[in-house]
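Engineer: Take this structure, written in structure tokens, and hold onto it; I'll ask about it next.
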Amino acid sequence: MRLVVDLNRCQGYAQCAFLAPDVFALYGEESLVYDPHPGEEPRERLARAVAACPVQAITAEGLDDPGDPSAGAGRGTSRGG
Ligand code: SF4
């Protein structure tokens, strides 16, 4: 997964830092720093952070891709019998 934040668009609302503090952090009033390759952060939280940004400054590549083979596979769902 790859994260990109359009810092020209970001207004420092800190919604993302509130929802995914391991990935986004604000320094000062408007300086956002973030991890562009958030390996261990749960996708659900990242998805919420992306959705919560009031100015849609966050782009997450691979967030909606459940079939991403590099995202840690191996969880089978077949059970029973
Ligand atoms: S939620 Fe959006 S505007 Fe607010 S700090 Fe994060 S990227 Fe910037």
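We label chains A, B, ... in the order they appear in the structure tokens, count residues from 1 in each chain, and number ligands from 1 in the order shown.
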Which residues sit within 10 Å of ligand 1, counting only C-alpha atoms and all ligand atoms, listed as an MDAnalysis selection string?

Structural biologist: chainID A and resid 4:20 24:26 29:34 49:59
